[in-house]
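Enquirer: File target05.cif below, mmCIF, C-alpha atoms:
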```
data_upload
#
loop_
_atom_site.label_atom_id
_atom_site.label_comp_id
_atom_site.auth_asym_id
_atom_site.auth_seq_id
_atom_site.Cartn_x
_atom_site.Cartn_y
_atom_site.Cartn_z
CA MET A 161 3.74 -5.73 15.37
CA THR A 162 3.06 -3.03 12.83
CA VAL A 163 1.58 -3.24 9.34
CA SER A 164 1.38 -0.18 7.11
CA VAL A 165 0.04 0.14 3.56
CA ARG A 166 0.99 3.51 2.07
CA ASP A 167 0.30 5.47 -1.06
CA THR A 168 3.41 7.63 -0.73
CA PRO A 169 7.12 6.77 -1.10
CA PHE A 170 9.00 5.62 1.98
CA GLU A 171 12.65 5.23 2.93
CA PRO A 172 12.96 1.69 4.35
CA TYR A 173 16.18 2.09 6.30
CA ALA A 174 15.04 5.29 8.00
CA GLU A 175 11.73 3.58 8.84
CA LEU A 176 13.58 0.59 10.22
CA ALA A 177 15.87 2.69 12.41
CA ALA A 178 13.01 4.83 13.72
CA TYR A 179 10.79 1.81 14.44
CA GLU A 180 13.53 -0.06 16.24
CA LYS A 181 14.34 2.95 18.40
CA GLN A 182 10.69 3.40 19.30
CA ARG A 183 9.88 -0.26 19.99
CA PHE A 184 13.04 -1.27 21.79
CA ALA A 185 13.68 1.66 24.07
CA ARG A 186 15.72 -0.45 26.47
CA PRO A 187 19.07 -1.49 24.92
CA GLY A 188 19.80 -5.20 24.63
CA GLN A 189 16.25 -6.47 24.23
CA PHE A 190 16.89 -8.44 21.03
CA GLY A 191 19.84 -10.39 19.68
CA ALA A 192 18.93 -10.48 16.01
CA SER A 193 17.04 -8.55 13.38
CA ALA A 194 16.57 -9.48 9.74
CA SER A 195 15.04 -7.29 7.10
CA PHE A 196 14.08 -7.50 3.44
CA VAL A 197 13.54 -4.60 1.06
CA GLY A 198 11.91 -5.19 -2.31
CA SER A 199 12.07 -2.43 -4.88
CA MET A 200 10.78 -1.84 -8.38
CA ARG A 201 12.91 -2.98 -11.29
CA ASP A 202 12.87 -1.20 -14.65
CA LEU A 203 12.53 -4.54 -16.44
CA ASN A 204 9.98 -7.37 -16.26
CA GLU A 205 9.59 -10.39 -18.54
CA GLY A 206 12.01 -8.85 -21.02
CA ASP A 207 10.26 -5.47 -21.32
CA ALA A 208 11.33 -2.08 -20.02
CA VAL A 209 8.85 -0.90 -17.38
CA SER A 210 8.55 2.86 -16.83
CA ARG A 211 6.02 2.89 -13.99
CA MET A 212 3.69 0.67 -12.04
CA THR A 213 0.43 1.09 -10.18
CA LEU A 214 -0.26 -1.09 -7.16
CA GLU A 215 -3.83 -1.75 -6.09
CA HIS A 216 -4.97 -3.40 -2.87
CA TYR A 217 -8.17 -4.41 -1.09
CA PRO A 218 -8.38 -1.89 1.76
CA GLY A 219 -9.11 -3.72 4.99
CA MET A 220 -8.50 -7.22 3.65
CA THR A 221 -4.88 -6.50 2.78
CA GLU A 222 -4.07 -5.13 6.22
CA ARG A 223 -5.94 -7.93 7.94
CA HIS A 224 -4.03 -10.61 6.05
CA LEU A 225 -0.67 -8.92 6.65
CA GLU A 226 -1.48 -8.82 10.37
CA THR A 227 -2.43 -12.51 10.33
CA ILE A 228 0.78 -13.41 8.50
CA CYS A 229 2.88 -11.50 11.06
CA ALA A 230 0.95 -12.94 14.02
CA GLU A 231 1.47 -16.48 12.70
CA ALA A 232 5.19 -15.88 12.21
CA THR A 233 5.49 -14.32 15.67
CA ALA A 234 3.85 -17.35 17.27
CA ARG A 235 5.78 -19.89 15.19
CA TRP A 236 9.25 -18.41 15.67
CA GLY A 237 8.82 -16.63 18.99
CA LEU A 238 9.57 -13.24 17.49
CA LEU A 239 9.90 -10.11 19.58
CA ASP A 240 8.43 -7.85 16.91
CA THR A 241 7.70 -7.49 13.19
CA LEU A 242 7.31 -4.58 10.80
CA VAL A 243 5.76 -4.66 7.32
CA ILE A 244 5.42 -1.60 5.09
CA HIS A 245 3.97 -1.98 1.57
CA ARG A 246 3.44 0.64 -1.11
CA VAL A 247 0.30 1.10 -3.18
CA GLY A 248 -0.44 3.64 -5.89
CA LEU A 249 2.06 4.93 -8.42
CA VAL A 250 5.54 3.40 -8.07
CA LEU A 251 8.59 4.28 -10.16
CA PRO A 252 11.72 2.20 -10.93
CA GLY A 253 14.00 2.17 -7.90
CA ASP A 254 11.21 2.93 -5.45
CA PRO A 255 11.01 0.62 -2.45
CA ILE A 256 7.81 -1.46 -2.65
CA VAL A 257 8.00 -3.54 0.49
CA LEU A 258 9.89 -3.71 3.77
CA VAL A 259 9.68 -6.78 6.01
CA ALA A 260 11.59 -6.93 9.29
CA ALA A 261 11.66 -9.42 12.16
CA TRP A 262 13.32 -9.18 15.56
CA SER A 263 14.20 -12.19 17.71
CA ALA A 264 16.59 -13.43 20.37
CA HIS A 265 18.76 -15.38 17.91
CA ARG A 266 19.56 -15.14 14.19
CA ALA A 267 17.88 -18.32 12.90
CA GLU A 268 14.39 -17.20 13.87
CA ALA A 269 14.79 -13.68 12.46
CA PHE A 270 16.22 -14.92 9.11
CA THR A 271 13.60 -17.62 8.67
CA ALA A 272 10.63 -15.55 9.78
CA CYS A 273 11.58 -12.64 7.53
CA ARG A 274 11.70 -14.94 4.51
CA HIS A 275 8.41 -16.63 5.39
CA ILE A 276 6.56 -13.37 6.00
CA MET A 277 7.69 -12.13 2.59
CA GLU A 278 6.67 -15.36 0.82
CA ASP A 279 3.31 -15.42 2.61
CA LEU A 280 2.73 -11.79 1.69
CA LYS A 281 3.31 -12.56 -1.98
CA SER A 282 0.91 -15.49 -2.02
CA ARG A 283 -1.82 -14.34 0.40
CA ALA A 284 -1.99 -10.55 0.67
CA PRO A 285 -4.31 -8.98 -1.92
CA PHE A 286 -2.12 -6.65 -3.97
CA TRP A 287 -2.14 -6.31 -7.76
CA LYS A 288 0.40 -4.66 -10.03
CA LYS A 289 -0.21 -2.92 -13.31
CA GLU A 290 2.89 -2.09 -15.35
CA THR A 291 3.39 0.54 -18.00
CA THR A 292 5.67 -0.51 -20.85
CA ALA A 293 6.33 0.92 -24.32
CA GLN A 294 3.40 -1.27 -25.51
CA GLY A 295 0.99 0.18 -22.95
CA GLU A 296 -0.39 -1.01 -19.63
CA ARG A 297 -0.65 -4.62 -18.50
CA TRP A 298 -1.63 -6.38 -15.28
CA VAL A 299 1.06 -8.60 -13.85
CA ALA A 300 -0.56 -12.04 -13.98
CA ARG A 301 2.08 -14.26 -12.48
CA ASN A 302 1.35 -15.66 -9.07
CA THR A 303 4.24 -16.96 -7.02
CA SER A 304 4.27 -19.83 -4.60
CA GLY A 305 4.12 -19.25 -0.86
CA VAL A 306 6.46 -22.19 -0.37
CA VAL A 307 9.94 -21.13 0.60
CA GLN A 308 12.27 -22.41 -2.09
CA GLU A 309 15.98 -22.21 -2.57
CA ALA A 310 16.87 -18.96 -4.30
CA THR A 311 17.66 -19.33 -7.99
CA PRO A 312 18.81 -16.69 -10.48
CA ASP A 313 15.17 -16.36 -11.57
CA ASN A 314 13.61 -15.42 -8.27
CA MET B 166 -39.95 -1.14 8.25
CA SER B 167 -36.44 -2.32 7.49
CA ALA B 168 -34.86 -2.22 4.06
CA ALA B 169 -34.57 -5.44 2.05
CA PRO B 170 -31.35 -7.24 3.03
CA GLU B 171 -28.43 -6.60 0.72
CA ILE B 172 -24.90 -7.77 0.17
CA SER B 173 -22.08 -5.73 -1.28
CA VAL B 174 -20.00 -6.93 -4.21
CA LYS B 175 -16.53 -5.62 -5.01
CA LEU B 176 -14.30 -6.23 -8.01
CA PHE B 177 -10.59 -5.45 -8.04
CA ALA B 178 -7.73 -4.87 -10.49
CA GLY B 179 -8.24 -6.28 -13.99
CA LEU B 180 -11.66 -7.71 -13.13
CA ALA B 181 -12.98 -4.25 -12.26
CA GLU B 182 -11.36 -2.63 -15.30
CA ALA B 183 -12.72 -5.20 -17.73
CA ARG B 184 -16.29 -4.94 -16.43
CA GLY B 185 -16.36 -1.21 -15.78
CA TRP B 186 -17.50 -1.29 -12.15
CA ARG B 187 -15.89 -1.75 -8.76
CA GLU B 188 -18.67 -1.94 -6.22
CA ARG B 189 -22.37 -2.73 -6.13
CA ARG B 190 -25.02 -3.41 -3.57
CA VAL B 191 -27.26 -6.27 -4.57
CA THR B 192 -30.35 -7.87 -3.10
CA TYR B 193 -29.81 -10.80 -0.81
CA ALA B 194 -31.79 -14.01 -1.19
CA PRO B 195 -31.59 -17.07 1.08
CA GLY B 196 -29.23 -19.72 -0.26
CA LEU B 197 -27.35 -17.28 -2.48
CA THR B 198 -23.76 -18.44 -3.09
CA VAL B 199 -20.63 -16.60 -4.18
CA THR B 200 -20.87 -18.20 -7.62
CA ASP B 201 -24.54 -17.13 -7.92
CA VAL B 202 -23.49 -13.53 -7.28
CA TRP B 203 -20.73 -13.74 -9.90
CA ARG B 204 -23.15 -15.15 -12.53
CA ARG B 205 -25.86 -12.64 -11.77
CA GLU B 206 -23.67 -9.54 -11.62
CA THR B 207 -21.31 -10.30 -14.51
CA GLY B 208 -23.66 -12.23 -16.78
CA GLU B 209 -20.91 -14.83 -17.16
CA ALA B 210 -21.65 -18.54 -16.96
CA ALA B 211 -19.17 -19.59 -14.32
CA LEU B 212 -16.50 -18.24 -12.03
CA PRO B 213 -13.24 -18.54 -14.01
CA PRO B 214 -10.68 -20.78 -12.30
CA ARG B 215 -8.22 -17.91 -11.92
CA VAL B 216 -10.66 -15.63 -10.14
CA LEU B 217 -10.26 -15.63 -6.36
CA CYS B 218 -13.09 -14.78 -4.00
CA ALA B 219 -13.43 -13.58 -0.45
CA VAL B 220 -16.37 -13.12 1.89
CA ASN B 221 -16.01 -10.46 4.56
CA MET B 222 -12.32 -10.22 3.60
CA ASP B 223 -11.52 -13.91 4.12
CA TYR B 224 -10.67 -16.15 1.18
CA CYS B 225 -13.48 -18.62 0.52
CA ALA B 226 -14.68 -21.34 -1.83
CA ALA B 227 -16.97 -20.38 -4.72
CA ASP B 228 -19.86 -22.41 -3.31
CA LYS B 229 -19.93 -20.52 0.00
CA VAL B 230 -23.47 -19.57 1.02
CA LEU B 231 -23.90 -15.89 1.86
CA ALA B 232 -25.61 -14.14 4.75
CA PRO B 233 -27.36 -10.77 4.71
CA GLY B 234 -24.89 -7.90 4.91
CA ASP B 235 -21.93 -9.94 3.63
CA GLU B 236 -19.27 -8.33 1.48
CA VAL B 237 -18.11 -10.43 -1.49
CA GLY B 238 -14.84 -9.61 -3.23
CA PHE B 239 -13.67 -11.01 -6.56
CA PHE B 240 -10.09 -10.55 -7.73
CA PRO B 241 -7.27 -11.97 -9.87
CA PRO B 242 -4.31 -13.90 -8.43
CA VAL B 243 -2.39 -11.61 -6.09
CA THR B 244 0.95 -10.12 -7.15
CA GLY B 245 2.27 -8.17 -4.19
CA GLY B 246 5.81 -7.71 -3.03
CA SER B 247 8.63 -7.42 -5.52
CA ALA B 248 10.75 -9.66 -7.71
#
```
For this file, produce the structure as structure tokens.

Expert:
Amino acid sequence: MTVSVRDTPFEPYAELAAYEKQRFARPGQFGASASFVGSMRDLNEGDAVSRMTLEHYPGMTERHLETICAEATARWGLLDTLVIHRVGLVLPGDPIVLVAAWSAHRAEAFTACRHIMEDLKSRAPFWKKETTAQGERWVARNTSGVVQEATPDN
Amino acid sequence: MSAAPEISVKLFAGLAEARGWRERRVTYAPGLTVTDVWRRETGEAALPPRVLCAVNMDYCAADKVLAPGDEVGFFPPVTGGSA
């Protein structure tokens, strides 16, 4: 289980490949992996967004991400998890978050990956400030930690 | 002689920006609650409903009673992840 909060850009698929190679040295240890990559859009609530600054609560953020991953690991019998989250200055197109889960079978990996991401959004202390043509604004919207069916809005 | 017991208070994101400070050490007093700290340090009457609080990096209720050396964090609703 690894949690990493970084103030520099990262390449999620290279991270994923390197982590998997390092953690599963013996071939055939897992049957399924699921991953999610969230990246910055250039639009939010109808306004063009040119950049964003992400703040966190050093110590608390990492602790809560670790708790979220530990809970998911226990609940779905995962073999491993990886969470990487950006802080600091983020530009449109930059990856913000990577969540990955490894398990014996697909159902656990899919479900756990989704739950870790939803828990992260509702429990991990991160805050976003966007820069638009009108200036800077804090993103105020909080999203539910309940896993819902995907709709065109989320 | 030991120093008077203190607690540390941290503000984050928009709360810190609006009030112009991010961290303070304040004097501890027996029975002090999270809400007491908010009132005393911000001069505001009550903890706004949208302000979240944590003691020693765990979410807590506003009426939590503090202990010497505790760290109290106040912050807006969290907005991590992506769309």

Enquirer: Tell me which protein, DNA and RNA residues are within 12 Å of A:Ala234, counting all atoms listed in the file, leaving out same-chain ones fewer than 4 positions away, and put them as a PyMOL selection string.

Expert: chain A and resi 161+227-230+238-241+263+268+272

Enquirer: Could you tell me how far atom CA of B:Val191 lies from atom CA of B:Glu206, in Å and to one decimal?

Expert: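 Straight-line distance from atom CA of B:Val191 to atom CA of B:Glu206 works out to 8.6 Å.
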
Enquirer: Looking at A:Thr168, A:Ser193, A:Thr162, A:Thr233, which one is nearest to A:His265, with distances taken over all atoms listed in the file?

Expert: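 Of all the options, A:Ser193 lies closest to A:His265.
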
Enquirer: Which residues of chain A come within 10 Å of chain B, and what is each one's closest atom pair and distance in Å (one decimal), counting only C-alpha atoms, sorted by chain and residue number, as a Markdown table?

Expert:
```
| residue | atom | partner | partner_atom | distance |
| --- | --- | --- | --- | --- |
| A:Val197 | CA | B:Ser247 | CA | 8.7 |
| A:Gly198 | CA | B:Ser247 | CA | 5.1 |
| A:Ser199 | CA | B:Ser247 | CA | 6.1 |
| A:Met200 | CA | B:Ser247 | CA | 6.6 |
| A:Arg201 | CA | B:Ala248 | CA | 7.9 |
| A:Asn204 | CA | B:Ala248 | CA | 8.9 |
| A:Leu214 | CA | B:Gly245 | CA | 8.1 |
| A:Glu215 | CA | B:Ala178 | CA | 6.7 |
| A:His216 | CA | B:Phe177 | CA | 7.9 |
| A:Tyr217 | CA | B:Phe177 | CA | 7.4 |
| A:Pro218 | CA | B:Met222 | CA | 9.4 |
| A:Gly219 | CA | B:Met222 | CA | 7.4 |
| A:Met220 | CA | B:Met222 | CA | 4.9 |
| A:Thr221 | CA | B:Met222 | CA | 8.4 |
| A:Arg223 | CA | B:Met222 | CA | 8.0 |
| A:His224 | CA | B:Asp223 | CA | 8.4 |
| A:His245 | CA | B:Gly246 | CA | 7.6 |
| A:Arg246 | CA | B:Gly246 | CA | 8.9 |
| A:Val247 | CA | B:Gly245 | CA | 9.5 |
| A:Pro255 | CA | B:Ser247 | CA | 8.9 |
| A:Ile256 | CA | B:Gly246 | CA | 6.6 |
| A:Val257 | CA | B:Gly246 | CA | 5.9 |
| A:Leu258 | CA | B:Gly246 | CA | 8.9 |
| A:Val259 | CA | B:Gly246 | CA | 9.9 |
| A:Met277 | CA | B:Gly246 | CA | 7.4 |
| A:Glu278 | CA | B:Gly246 | CA | 8.6 |
| A:Asp279 | CA | B:Gly246 | CA | 9.9 |
| A:Leu280 | CA | B:Gly245 | CA | 6.9 |
| A:Lys281 | CA | B:Gly245 | CA | 5.0 |
| A:Ser282 | CA | B:Val243 | CA | 6.5 |
| A:Arg283 | CA | B:Val243 | CA | 7.1 |
| A:Ala284 | CA | B:Val243 | CA | 6.9 |
| A:Pro285 | CA | B:Val243 | CA | 5.3 |
| A:Phe286 | CA | B:Gly245 | CA | 4.7 |
| A:Trp287 | CA | B:Thr244 | CA | 4.9 |
| A:Lys288 | CA | B:Thr244 | CA | 6.2 |
| A:Lys289 | CA | B:Ala178 | CA | 8.3 |
| A:Arg297 | CA | B:Gly179 | CA | 9.0 |
| A:Trp298 | CA | B:Gly179 | CA | 6.7 |
| A:Val299 | CA | B:Thr244 | CA | 6.9 |
| A:Ala300 | CA | B:Pro242 | CA | 7.0 |
| A:Arg301 | CA | B:Thr244 | CA | 6.8 |
| A:Asn302 | CA | B:Thr244 | CA | 5.9 |
| A:Thr303 | CA | B:Thr244 | CA | 7.6 |
| A:Asp313 | CA | B:Ala248 | CA | 8.9 |
| A:Asn314 | CA | B:Ala248 | CA | 6.5 |
```

Enquirer: Can you list what the PyMOL selection byres ((chain B and resi 232) around 12) grabs from this structure, as a ChimeraX atom specification?

Expert: /B:170-173,192-199,220-221,229-231,233-237

Enquirer: Quick check, in Å to one decimal: how far apart do atom CA of A:Ala208 and atom CA of A:Glu296 lie?

Expert: 11.8 Å

Enquirer: Excluding B:Thr200 and any residue of its chain fewer than 2 positions from it, enumerate the residues within 9 Å of it, using all atoms listed in the file, and give them as a ChimeraX atom specification.

Expert: /B:197-198,202-205,211-212,227-229
